[in-house]
Structure formats: structure tokens, C-alpha cells
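**Q** My file is structure19.tsv. It has TSV, C-alpha atoms:
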chain	number	residue	atom	x	y	z
A	162	MET	CA	-79.89	14.58	53.25
A	163	ASP	CA	-80.84	18.20	52.68
A	164	ILE	CA	-78.79	18.96	55.75
A	165	LEU	CA	-75.60	18.25	53.79
A	166	LEU	CA	-76.53	21.01	51.37
A	167	SER	CA	-77.23	23.73	53.86
A	168	SER	CA	-74.29	26.07	54.34
A	169	GLN	CA	-75.58	26.86	57.82
A	170	ALA	CA	-75.07	23.25	58.90
A	171	TRP	CA	-71.55	23.12	57.47
A	172	LEU	CA	-70.65	26.38	59.17
A	173	GLY	CA	-71.91	25.08	62.50
A	174	ALA	CA	-69.97	21.84	62.17
A	175	GLY	CA	-66.86	23.76	61.10
A	176	LEU	CA	-67.10	25.98	64.14
A	177	ILE	CA	-67.40	22.96	66.42
A	178	PHE	CA	-64.38	21.42	64.71
A	179	ILE	CA	-62.23	24.53	65.17
A	180	LEU	CA	-63.21	25.06	68.80
A	181	ARG	CA	-62.52	21.45	69.62
A	182	VAL	CA	-59.14	21.56	67.85
A	183	MET	CA	-58.10	24.58	69.94
A	184	ASP	CA	-59.31	23.13	73.18
A	185	MET	CA	-57.81	19.67	72.60
A	186	SER	CA	-54.42	21.06	71.52
A	187	LEU	CA	-54.19	22.89	74.83
A	188	ASP	CA	-55.45	19.84	76.72
A	189	THR	CA	-52.83	17.60	75.13
A	190	LEU	CA	-50.05	20.10	75.84
A	191	ARG	CA	-51.22	20.31	79.41
A	192	VAL	CA	-51.12	16.54	79.93
A	193	LEU	CA	-47.62	16.33	78.43
A	194	PHE	CA	-46.39	19.18	80.63
A	195	VAL	CA	-47.91	17.56	83.71
A	196	MET	CA	-45.93	14.43	82.87
A	197	ARG	CA	-42.73	16.47	82.94
A	198	GLY	CA	-43.68	18.10	86.20
A	199	ARG	CA	-43.89	21.65	84.79
A	200	LYS	CA	-46.47	23.06	87.17
A	201	GLY	CA	-46.51	26.68	86.02
A	202	VAL	CA	-47.06	25.95	82.36
A	203	ALA	CA	-49.59	23.25	83.19
A	204	TRP	CA	-51.54	25.76	85.25
A	205	ALA	CA	-51.67	28.33	82.45
A	206	LEU	CA	-52.66	25.74	79.86
A	207	GLY	CA	-55.31	24.27	82.16
A	208	PHE	CA	-56.76	27.74	82.72
A	209	CYS	CA	-57.01	28.57	79.01
A	210	GLN	CA	-58.37	25.16	78.12
A	211	ALA	CA	-61.06	25.25	80.78
A	212	LEU	CA	-61.99	28.75	79.66
A	213	ILE	CA	-62.46	27.68	76.05
A	214	PHE	CA	-64.34	24.61	77.17
A	215	VAL	CA	-66.78	26.44	79.42
A	216	VAL	CA	-67.37	29.38	77.12
A	217	ALA	CA	-67.52	27.64	73.77
A	218	ILE	CA	-67.68	23.88	73.86
A	219	SER	CA	-70.31	23.43	76.54
A	220	SER	CA	-72.75	25.67	74.70
A	221	VAL	CA	-72.08	23.72	71.52
A	222	LEU	CA	-72.43	20.34	73.25
A	223	SER	CA	-76.12	20.86	73.92
A	224	ASN	CA	-76.58	21.50	70.24
A	225	LEU	CA	-75.26	18.28	68.74
A	226	ASP	CA	-78.42	17.32	66.97
A	227	ASN	CA	-77.13	16.43	63.53
A	228	PRO	CA	-74.54	13.93	62.28
A	229	LEU	CA	-72.43	16.68	60.73
A	230	ASN	CA	-71.91	18.33	64.12
A	231	ILE	CA	-71.02	15.00	65.70
A	232	LEU	CA	-68.49	14.33	62.98
A	233	GLY	CA	-67.04	17.82	63.42
A	234	TYR	CA	-66.77	17.25	67.13
A	235	ALA	CA	-64.98	13.88	66.83
A	236	ALA	CA	-62.68	15.00	64.02
A	237	GLY	CA	-61.80	18.19	65.92
A	238	PHE	CA	-61.06	16.21	69.04
A	239	ALA	CA	-58.72	13.80	67.25
A	240	THR	CA	-57.02	16.51	65.19
A	241	GLY	CA	-56.49	18.71	68.23
A	242	ASN	CA	-54.85	15.82	70.00
A	243	VAL	CA	-52.30	15.31	67.22
A	244	ILE	CA	-51.66	19.05	66.86
A	245	GLY	CA	-50.98	19.28	70.59
A	246	MET	CA	-48.43	16.48	70.28
A	247	LEU	CA	-46.77	18.17	67.30
A	248	ILE	CA	-46.50	21.49	69.15
A	249	GLU	CA	-45.03	19.74	72.16
A	250	GLU	CA	-42.41	18.05	70.02
A	251	ARG	CA	-41.56	21.36	68.39
A	252	LEU	CA	-41.20	23.06	71.77
A	253	ALA	CA	-39.00	20.14	72.88
A	254	VAL	CA	-39.09	21.15	76.52
A	255	GLY	CA	-37.17	18.99	78.97
A	256	HIS	CA	-34.22	16.69	79.16
A	257	ILE	CA	-33.38	13.39	77.57
A	258	GLN	CA	-30.82	10.76	78.27
A	259	VAL	CA	-29.25	9.39	75.13
A	260	SER	CA	-27.46	6.03	75.25
A	261	ILE	CA	-25.11	5.17	72.43
A	262	VAL	CA	-23.58	1.74	71.95
A	263	SER	CA	-20.66	1.66	69.55
A	264	PRO	CA	-18.40	-1.38	69.10
A	265	ARG	CA	-15.35	0.43	67.72
A	266	TRP	CA	-15.75	4.17	67.57
A	267	GLY	CA	-16.67	4.96	71.18
A	268	ALA	CA	-13.61	7.11	71.88
A	269	ALA	CA	-13.90	9.03	68.61
A	270	ILE	CA	-17.58	9.80	69.20
A	271	THR	CA	-16.82	10.92	72.76
A	272	GLU	CA	-14.08	13.25	71.62
A	273	LYS	CA	-16.24	14.83	68.94
A	274	MET	CA	-19.20	15.21	71.30
A	275	ARG	CA	-17.03	16.84	73.95
A	276	SER	CA	-15.54	19.23	71.43
A	277	GLU	CA	-19.12	20.19	70.52
A	278	GLY	CA	-19.81	20.92	74.17
A	279	PHE	CA	-21.80	17.88	75.28
A	280	ALA	CA	-21.04	16.03	78.51
A	281	VAL	CA	-20.43	12.34	77.92
A	282	THR	CA	-19.82	9.46	80.31
A	283	GLU	CA	-18.01	6.47	78.80
A	284	ILE	CA	-18.70	3.00	80.16
A	285	PRO	CA	-16.79	-0.02	78.92
A	286	ALA	CA	-19.11	-2.96	78.31
A	287	ARG	CA	-19.38	-6.28	76.51
A	288	GLY	CA	-21.61	-7.15	73.60
A	289	LYS	CA	-22.04	-10.41	71.73
A	290	ASP	CA	-18.85	-9.95	69.72
A	291	GLY	CA	-16.59	-8.49	72.39
A	292	VAL	CA	-15.88	-5.14	73.91
A	293	VAL	CA	-18.12	-2.17	73.14
A	294	THR	CA	-18.37	1.34	74.51
A	295	LEU	CA	-21.58	2.54	76.09
A	296	LEU	CA	-21.86	6.32	76.05
A	297	SER	CA	-24.30	7.98	78.38
A	298	CYS	CA	-25.16	11.53	77.53
A	299	SER	CA	-27.85	13.69	79.12
A	300	VAL	CA	-28.90	16.57	76.89
A	301	LEU	CA	-31.66	19.08	76.44
A	302	ARG	CA	-34.38	17.52	74.34
A	303	ARG	CA	-33.93	20.01	71.54
A	304	ASN	CA	-30.32	18.88	71.12
A	305	VAL	CA	-31.15	15.24	70.47
A	306	ASN	CA	-31.04	15.63	66.70
A	307	LYS	CA	-27.65	17.31	66.94
A	308	VAL	CA	-26.30	14.37	68.95
A	309	HIS	CA	-27.78	11.95	66.44
A	310	GLU	CA	-26.03	13.81	63.63
A	311	ILE	CA	-22.62	13.78	65.33
A	312	VAL	CA	-22.83	10.06	66.09
A	313	ASN	CA	-23.97	9.29	62.58
A	314	GLN	CA	-21.00	11.08	61.03
A	315	ILE	CA	-18.53	8.91	62.93
A	316	ASP	CA	-20.29	5.58	63.31
A	317	PRO	CA	-23.45	5.04	61.26
A	318	THR	CA	-23.88	1.58	62.83
A	319	ALA	CA	-24.05	2.86	66.41
A	320	PHE	CA	-27.17	1.97	68.38
A	321	ILE	CA	-28.90	4.98	69.86
A	322	THR	CA	-31.81	5.07	72.29
A	323	ALA	CA	-33.38	7.90	74.24
A	324	GLU	CA	-35.28	8.13	77.51
A	325	ASP	CA	-36.99	11.04	79.15
A	326	VAL	CA	-35.24	12.08	82.32
A	327	ARG	CA	-35.75	14.68	84.97
A	328	PRO	CA	-32.61	16.46	86.01
A	329	VAL	CA	-32.18	15.90	89.72
A	330	ARG	CA	-29.29	18.22	90.29
A	331	HIS	CA	-26.10	19.69	88.95
A	332	GLY	CA	-24.24	17.99	86.18
A	333	PHE	CA	-23.50	19.67	82.95
A	334	TRP	CA	-26.20	20.68	80.48
A	335	ARG	CA	-25.08	22.13	77.21
A	336	ALA	CA	-26.94	25.39	76.79
B	39	MET	CA	-87.59	-1.45	87.61
B	40	ILE	CA	-86.42	-3.13	84.42
B	41	THR	CA	-86.00	0.17	82.61
B	42	PHE	CA	-84.24	1.54	85.65
B	43	LEU	CA	-81.65	-1.24	85.51
B	44	LEU	CA	-81.38	-1.15	81.74
B	45	SER	CA	-80.70	2.58	81.56
B	46	ALA	CA	-78.10	2.30	84.31
B	47	LEU	CA	-76.46	-0.56	82.44
B	48	LEU	CA	-76.50	1.35	79.16
B	49	ILE	CA	-74.78	4.31	80.80
B	50	PHE	CA	-72.24	1.97	82.35
B	51	VAL	CA	-71.38	0.36	79.00
B	52	LEU	CA	-71.16	3.66	77.11
B	53	ARG	CA	-68.95	5.28	79.72
B	54	LEU	CA	-66.79	2.16	79.89
B	55	THR	CA	-66.23	2.32	76.13
B	56	ASP	CA	-65.36	6.00	75.95
B	57	ILE	CA	-63.05	5.95	78.96
B	58	SER	CA	-61.27	2.87	77.59
B	59	PHE	CA	-60.54	4.84	74.41
B	60	TYR	CA	-59.52	7.82	76.55
B	61	THR	CA	-57.01	5.71	78.45
B	62	LEU	CA	-55.59	4.22	75.26
B	63	ARG	CA	-55.27	7.70	73.77
B	64	LEU	CA	-53.33	8.98	76.78
B	65	MET	CA	-50.94	6.02	76.66
B	66	MET	CA	-50.31	6.60	72.95
B	67	MET	CA	-49.68	10.30	73.60
B	68	ILE	CA	-47.04	9.45	76.17
B	69	ARG	CA	-45.33	7.18	73.64
B	70	HIS	CA	-45.48	9.80	70.87
B	71	ARG	CA	-47.66	7.58	68.63
B	72	LYS	CA	-49.62	10.22	66.75
B	73	ALA	CA	-51.58	8.05	64.33
B	74	LEU	CA	-52.88	5.72	67.03
B	75	ALA	CA	-53.65	8.69	69.29
B	76	PHE	CA	-55.68	10.19	66.46
B	77	VAL	CA	-57.71	7.01	65.93
B	78	PHE	CA	-58.43	6.50	69.63
B	79	ALA	CA	-59.30	10.18	70.08
B	80	PHE	CA	-61.77	9.97	67.20
B	81	PHE	CA	-63.54	6.96	68.72
B	82	GLN	CA	-63.49	8.44	72.19
B	83	ALA	CA	-65.10	11.67	71.07
B	84	SER	CA	-67.68	9.88	68.88
B	85	VAL	CA	-68.81	7.56	71.63
B	86	TYR	CA	-68.84	10.40	74.14
B	87	VAL	CA	-70.80	12.84	72.09
B	88	ILE	CA	-73.36	10.27	70.97
B	89	SER	CA	-73.93	8.98	74.47
B	90	LEU	CA	-74.11	12.54	75.74
B	91	ARG	CA	-77.19	13.04	73.60
B	92	LEU	CA	-78.61	9.63	74.39
B	93	VAL	CA	-78.23	9.38	78.12
B	94	PHE	CA	-75.54	11.41	79.87
B	95	SER	CA	-77.67	14.55	79.73
B	96	ASP	CA	-80.16	12.89	82.04
B	97	LEU	CA	-78.51	11.40	85.12
B	98	GLY	CA	-81.69	11.74	87.09
B	99	ASN	CA	-81.49	8.85	89.53
B	100	TRP	CA	-78.84	7.21	91.67
B	101	GLY	CA	-78.82	4.06	89.50
B	102	LYS	CA	-77.66	6.09	86.50
B	103	ILE	CA	-75.13	7.99	88.57
B	104	LEU	CA	-73.75	4.73	89.90
B	105	GLY	CA	-73.59	3.30	86.36
B	106	TYR	CA	-71.77	6.42	85.18
B	107	ALA	CA	-69.17	6.31	87.95
B	108	ALA	CA	-68.66	2.54	87.75
B	109	GLY	CA	-68.35	2.75	83.95
B	110	PHE	CA	-65.75	5.49	84.28
B	111	ALA	CA	-63.64	3.54	86.75
B	112	THR	CA	-63.98	0.23	84.91
B	113	GLY	CA	-63.13	1.93	81.62
B	114	LEU	CA	-59.82	3.14	83.03
B	115	VAL	CA	-58.86	-0.36	84.11
B	116	VAL	CA	-60.07	-1.96	80.87
B	117	GLY	CA	-58.14	0.62	78.82
B	118	MET	CA	-54.97	-0.05	80.78
B	119	SER	CA	-55.36	-3.81	80.32
B	120	ILE	CA	-55.91	-3.45	76.58
B	121	GLU	CA	-52.87	-1.18	76.32
B	122	ASN	CA	-50.78	-3.76	78.14
B	123	ARG	CA	-52.03	-6.43	75.77
B	124	LEU	CA	-51.30	-4.28	72.71
B	125	ALA	CA	-47.83	-3.58	74.14
B	126	VAL	CA	-46.99	-0.88	71.61
B	127	GLY	CA	-43.45	0.42	71.65
B	128	TYR	CA	-40.12	-0.40	73.16
B	129	THR	CA	-38.76	-0.87	76.62
B	130	HIS	CA	-35.34	-0.77	78.18
B	131	LEU	CA	-34.68	-3.56	80.66
B	132	ARG	CA	-31.89	-3.32	83.19
B	133	ILE	CA	-30.98	-6.60	84.85
B	134	ILE	CA	-28.57	-6.70	87.78
B	135	SER	CA	-27.17	-10.13	88.59
B	136	SER	CA	-24.53	-10.70	91.25
B	137	GLN	CA	-23.16	-14.05	90.13
B	138	ARG	CA	-24.57	-15.19	86.84
B	139	GLY	CA	-24.39	-12.11	84.63
B	140	THR	CA	-22.34	-13.58	81.82
B	141	GLU	CA	-24.29	-16.82	81.87
B	142	LEU	CA	-27.57	-14.87	81.72
B	143	ALA	CA	-26.30	-12.78	78.81
B	144	GLY	CA	-25.45	-16.01	77.00
B	145	HIS	CA	-28.95	-17.42	77.50
B	146	LEU	CA	-30.59	-14.17	76.39
B	147	ARG	CA	-28.43	-14.07	73.25
B	148	GLU	CA	-29.37	-17.67	72.53
B	149	GLY	CA	-32.97	-16.50	72.69
B	150	GLY	CA	-32.10	-13.93	70.04
B	151	TYR	CA	-31.98	-10.78	72.18
B	152	ALA	CA	-29.24	-8.16	72.03
B	153	VAL	CA	-27.57	-7.62	75.40
B	154	THR	CA	-24.85	-5.25	76.55
B	155	GLU	CA	-22.95	-6.36	79.67
B	156	ILE	CA	-21.50	-3.81	82.07
B	157	SER	CA	-19.30	-4.67	85.03
B	158	ALA	CA	-20.24	-2.90	88.21
B	159	TRP	CA	-20.03	-3.09	92.00
B	160	GLY	CA	-22.77	-3.82	94.48
B	161	LYS	CA	-22.72	-4.11	98.26
B	162	ASP	CA	-21.18	-7.57	98.23
B	163	GLY	CA	-18.74	-7.18	95.37
B	164	ALA	CA	-18.75	-7.41	91.61
B	165	VAL	CA	-22.10	-7.56	89.82
B	166	THR	CA	-23.06	-7.45	86.18
B	167	VAL	CA	-25.55	-4.99	84.76
B	168	LEU	CA	-27.24	-6.25	81.63
B	169	SER	CA	-28.77	-3.61	79.42
B	170	CYS	CA	-31.33	-4.96	77.00
B	171	ASN	CA	-33.57	-3.00	74.62
B	172	VAL	CA	-36.56	-4.96	73.42
B	173	GLU	CA	-40.00	-4.57	72.00
B	174	ARG	CA	-42.42	-4.30	74.87
B	175	ARG	CA	-44.27	-7.47	74.03
B	176	ASN	CA	-41.04	-9.44	74.57
B	177	ALA	CA	-40.43	-8.09	78.06
B	178	ALA	CA	-42.35	-10.94	79.75
B	179	THR	CA	-40.27	-13.56	77.91
B	180	ILE	CA	-37.05	-11.93	79.08
B	181	ASP	CA	-38.39	-11.85	82.61
B	182	ARG	CA	-39.07	-15.58	82.36
B	183	ILE	CA	-35.62	-16.41	80.98
B	184	VAL	CA	-33.89	-14.34	83.66
B	185	SER	CA	-35.98	-15.74	86.51
B	186	SER	CA	-35.37	-19.31	85.46
B	187	TYR	CA	-31.57	-18.93	85.54
B	188	ASP	CA	-31.16	-16.39	88.33
B	189	PRO	CA	-34.26	-15.89	90.50
B	190	ALA	CA	-32.36	-13.32	92.58
B	191	ALA	CA	-31.71	-11.00	89.63
B	192	PHE	CA	-33.04	-7.46	89.92
B	193	ILE	CA	-35.00	-6.28	86.87
B	194	THR	CA	-36.31	-2.81	86.09
B	195	SER	CA	-37.82	-1.44	82.93
B	196	GLU	CA	-38.23	2.00	81.41
B	197	ASN	CA	-40.13	3.40	78.46
B	198	MET	CA	-37.78	4.17	75.66
B	199	GLN	CA	-37.71	5.68	72.21
B	200	PRO	CA	-35.42	4.05	69.69
B	201	VAL	CA	-33.47	6.69	67.84
B	202	GLN	CA	-31.45	4.54	65.55
B	203	ARG	CA	-30.66	1.04	64.47
B	204	GLY	CA	-29.21	-1.62	66.66
B	205	PHE	CA	-30.67	-5.02	66.89
B	206	TRP	CA	-34.35	-5.61	67.54
B	207	ARG	CA	-35.53	-9.17	67.83
B	208	ALA	CA	-38.45	-9.61	65.47
As a first step, turn the structure in this file into C-alpha cells.
**A**
Amino acid sequence: MDILLSSQAWLGAGLIFILRVMDMSLDTLRVLFVMRGRKGVAWALGFCQALIFVVAISSVLSNLDNPLNILGYAAGFATGNVIGMLIEERLAVGHIQVSIVSPRWGAAITEKMRSEGFAVTEIPARGKDGVVTLLSCSVLRRNVNKVHEIVNQIDPTAFITAEDVRPVRHGFWRA
Amino acid sequence: MITFLLSALLIFVLRLTDISFYTLRLMMMIRHRKALAFVFAFFQASVYVISLRLVFSDLGNWGKILGYAAGFATGLVVGMSIENRLAVGYTHLRIISSQRGTELAGHLREGGYAVTEISAWGKDGAVTVLSCNVERRNAATIDRIVSSYDPAAFITSENMQPVQRGFWRA
């Protein structure tokens, strides 16, 4: 138990934690960028991550002889993963297709969205209780909250879902 | 010989465990489930780093190497199967039926699912597109309902993030 009292041991474990957080954040970002087909960014992230791993982590890995270091390693790994996901959400790179189902206010939502500069496709459809409007709207990912806000102002009961999409060509993307 | 087999088996089991967690973690990342990703990442790293000290640092014979590789591959498959069983998240099903769209929608609604019907055209005339957002673990039930009433229906599914409200069958 004397290991828990030595500041040296805590410092070592802390260092392992921090290195692993850095390396895993980059790794997570890389995986998420690969999913979106962003080759350039994925390359840069892969390069930095591998560099950190080879220089720092691998030398630390051979030195995992106490439980504190192991805990630091695992906690750093898990924390880095979540931080990577948070950064990726903040960056909000990519495109998203938002579908909005509104029973009564389809036209009003469309008009408001168009006046805000979003491209909307209206599709008449049927729900359980009669005619509804299905709005299909492809936007940059960082605009999703804005779309949500607009829809909410007009019809708080509208049903909104989002899917990742890759733009194939043309169309209209609000800058 | 016994120790040879045992050490290979141990490596196989350890690698299988950590790669299963790895696979689960990746799947949770893709679905933006941070808490679950954190938990799986923690287990993955713990198992990995402990087994690294125990055995991975000495892959001195082909039995161990084989155990390592087989454990890695099996872990991927096991992780994917577990993830499918857990069925975390939501999915968007798109069902295209040439003749029985409205009837299908009726049956699905009877089953308690929310369906939006859209009229559309296919090669041989009018078809109905049914758009149905459900929890992933219900997707198989929907598939069964649709197949029993219209075996020719075309069904696709996509990962989806619910932004707001609507009707989710419990």
C-alpha cells in the first residue's frame, strides 16, 4: 500500500493518463473522420496519433508494473475516447439529412426555413390520422440546431430525425 | 505440450475479450453514445494492459501467435454479435410495397408502430413508401410483420438519431 503514498507513483500514473488521453482523442477523431470519408484529415490525425503512440505510450507500456499505472492507462483510454467524441461533435464536420413530419404546419415550417436560407423538399404523406407533410432538408451538420429551433417555434409537436449523409453532388447547401 | 496449449488458449481468450470490448466501443462511438463508449473503453484498456504484462509480451511460439490472431478475429465477430443483441439506438426503416402499402401500414399501426405513408412511382406504376422510425430492437418484428403480409416488399434500414419527439413504441 505504500505505493499509494509515493508521489513518484502518482506522477507516473498521471503522466500515463495524460498521454493516453491525448492519443485516444486523436484516435477517436481519426475513426470518426474515416467514417465520413475525409481522407486528408484522417491522414494528419493518424500521423500525429501514431507519433504520440510510438514516442510516448510504447515506452510507458513496458513499465506497467503497478496497479496505479494500469488504472491510469485504462482511465486515460476511456476519457480520451469521450473527449474525442466531444471534439468531433463540436467541430460538426459533414452533412446531415433532417426529416420533419408535421401534421398541420408543414407549409408554415417550409416557408420559414426557406426564408432563413435552407433548402426544403416537401412531400405529402399519410399518417395514422390523415394527411401530414414530410419535409426533407439536407443541411450542414452545424446547422442542425438552428433547424431544430425554427421547427420548434412553429410546431413543437413535429417529429424530427436526422441521418448522416454524404453529399453526392450539387443541390443547395446553406453556407 | 499441455502448457503450450494452455498458454495459447489463455492468449486466445484474453485477446477475444479485449477485441470484443473494442468492437463494442467503436459501435457506440458511431452512435454517439458517450457513456457506453467510456465504459467499454475502460474495460478494453484494462484487459489489454493486464494481458500485455501477462502474456502478450512473449509471443515466442507459433501456438501463441495463432491464439493471438484467432482471438483477435473471433473477438471482432463476438463483439459485433453482442452489439446486435444489445441493439442500442434507433433505426429508420423504409418499406416499398407495390400493391399492399396501405394494408401494411394498417397492420404496422395495429402493432403499435408509427408509420408515414408516401405515394410514389416505381417501374410498374404506383407504389407506396412506408417510412417507419423504430427502436433497433423492434426492427426484426417489423420485418416479420411486413414479410407475412407482403413477401415482395423491399425493406432497407439506416442508422438514425432522433432529434425530437414523435412516437416511439415502447
**Q** Thr282 (chain A): which residues within 8 Å, counting all atoms listed in the file, same-chain residues fewer than 6 positions away excluded, as an MDAnalysis selection string?
**A** chainID A and resid 296:298
**Q** Residues as selected, C-alpha atoms, written as a JSON list (two decimals), keeping the file's coordinate frame, can you do that?
**A**
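This went into again.json:
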[["chain", "number", "residue", "atom", "x", "y", "z"],
["A", 296, "LEU", "CA", -21.86, 6.32, 76.05],
["A", 297, "SER", "CA", -24.30, 7.98, 78.38],
["A", 298, "CYS", "CA", -25.16, 11.53, 77.53]]
**Q** Separation of CA of Arg302 (chain A) and CA of Met66 (chain B), in Å?
**A**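 Here the two named atoms are 19.4 Å from each other.
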**Q** Please measure the separation of CA of Gln199 (chain B) and CA of Phe320 (chain A), giving the value in Å to one decimal.
**A**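 Going from CA of Gln199 (chain B) over to CA of Phe320 (chain A) covers 11.8 Å.
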**Q** Please report the interatomic distance between CA of Ile88 (chain B) and CA of Phe59 (chain B) in Å with one decimal.
**A**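 Atom-to-atom, CA of Ile88 (chain B) to CA of Phe59 (chain B), that is 14.3 Å.
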**Q** Counting only C-alpha atoms, what are the residues of chain B within 8 Å of chain A, and for each of them which pair of atoms is the nearest and at what distance in Å, to one decimal? Sort the table by chain and rising number, as a Markdown table.
**A**
| residue | atom | partner | partner_atom | distance |
| --- | --- | --- | --- | --- |
| B:Met67 | CA | A:Met246 | CA | 7.1 |
| B:Ile68 | CA | A:Leu193 | CA | 7.3 |
| B:His70 | CA | A:Met246 | CA | 7.3 |
| B:Lys72 | CA | A:Val243 | CA | 5.8 |
| B:Ala73 | CA | A:Val243 | CA | 7.8 |
| B:Ala75 | CA | A:Val243 | CA | 7.1 |
| B:Phe76 | CA | A:Ala239 | CA | 4.8 |
| B:Val77 | CA | A:Ala239 | CA | 7.0 |
| B:Phe78 | CA | A:Ala239 | CA | 7.7 |
| B:Ala79 | CA | A:Ala239 | CA | 4.6 |
| B:Phe80 | CA | A:Ala239 | CA | 4.9 |
| B:Phe81 | CA | A:Ala235 | CA | 7.3 |
| B:Gln82 | CA | A:Ala235 | CA | 7.8 |
| B:Ala83 | CA | A:Ala235 | CA | 4.8 |
| B:Ser84 | CA | A:Ala235 | CA | 5.2 |
| B:Val87 | CA | A:Ile231 | CA | 6.7 |
| B:Ile88 | CA | A:Ile231 | CA | 7.5 |
| B:Arg91 | CA | A:Leu225 | CA | 7.4 |
| B:Arg147 | CA | A:Lys289 | CA | 7.5 |
| B:Ala152 | CA | A:Lys289 | CA | 7.5 |
| B:Val153 | CA | A:Gly288 | CA | 6.2 |
| B:Thr154 | CA | A:Gly288 | CA | 4.8 |
| B:Glu155 | CA | A:Arg287 | CA | 4.8 |
| B:Ile156 | CA | A:Ala286 | CA | 4.5 |
| B:Ser157 | CA | A:Ala286 | CA | 6.9 |
| B:Glu196 | CA | A:Glu324 | CA | 7.8 |
| B:Asn197 | CA | A:Glu324 | CA | 6.8 |
| B:Met198 | CA | A:Glu324 | CA | 5.0 |
| B:Gln199 | CA | A:Ala323 | CA | 5.3 |
| B:Pro200 | CA | A:Thr322 | CA | 4.6 |
| B:Val201 | CA | A:Thr322 | CA | 5.0 |
| B:Gln202 | CA | A:Ile321 | CA | 5.0 |
| B:Arg203 | CA | A:Phe320 | CA | 5.3 |
| B:Gly204 | CA | A:Phe320 | CA | 4.5 |
| B:Phe205 | CA | A:Phe320 | CA | 8.0 |
**Q** Go through B:Ser45, B:Thr194, B:Asn171, B:Asn176 one by one, measure the shortest atom-to-atom distance of each to Asn99 (chain B) using all atoms listed in the file, and give the residue with the smallest value.
**A**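 The shortest atom-to-atom distance to Asn99 (chain B) comes from B:Ser45.
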**Q** With distances taken over all atoms listed in the file, which of B:Ile49, B:Leu64, B:Val115, B:Ala108 is nearest to Tyr86 (chain B)?
**A**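 Of B:Ile49, B:Leu64, B:Val115, B:Ala108, the one nearest Tyr86 (chain B), counting all atoms listed in the file, is B:Ile49.
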**Q** May I have the residues at most 12 Å from (-36.0, -13.4, 77.7) in the file's coordinates, counting only C-alpha atoms, as a ChimeraX atom specification?
**A** /B:131,133,142-153,168,170-187,193,207
**Q** Mind working out the centre and edge lengths of an axis-aligned box for region 140-150 of chain B, all listed atoms inside, 8 Å added to each side, rounded to one decimal in Å and written as lines of an AutoDock Vina configuration file?
**A**
center_x = -27.7
center_y = -15.2
center_z = 76.0
size_x = 26.6
size_y = 20.9
size_z = 27.8
**Q** My list of candidates is B:Ile57, B:Leu48, B:Ile134, B:Met118. Which is closest to Pro189 (chain B) when distances are computed with all atoms listed in the file?
**A**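 Answer, going by the shortest atom-to-atom distance: B:Ile134.
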**Q** Counting only C-alpha atoms, which of B:Thr166, B:Ser195, B:Ser119, B:Thr61 gets nearest to Gln137 (chain B)?
**A**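 Among the listed residues, the smallest separation from Gln137 (chain B) belongs to B:Thr166.
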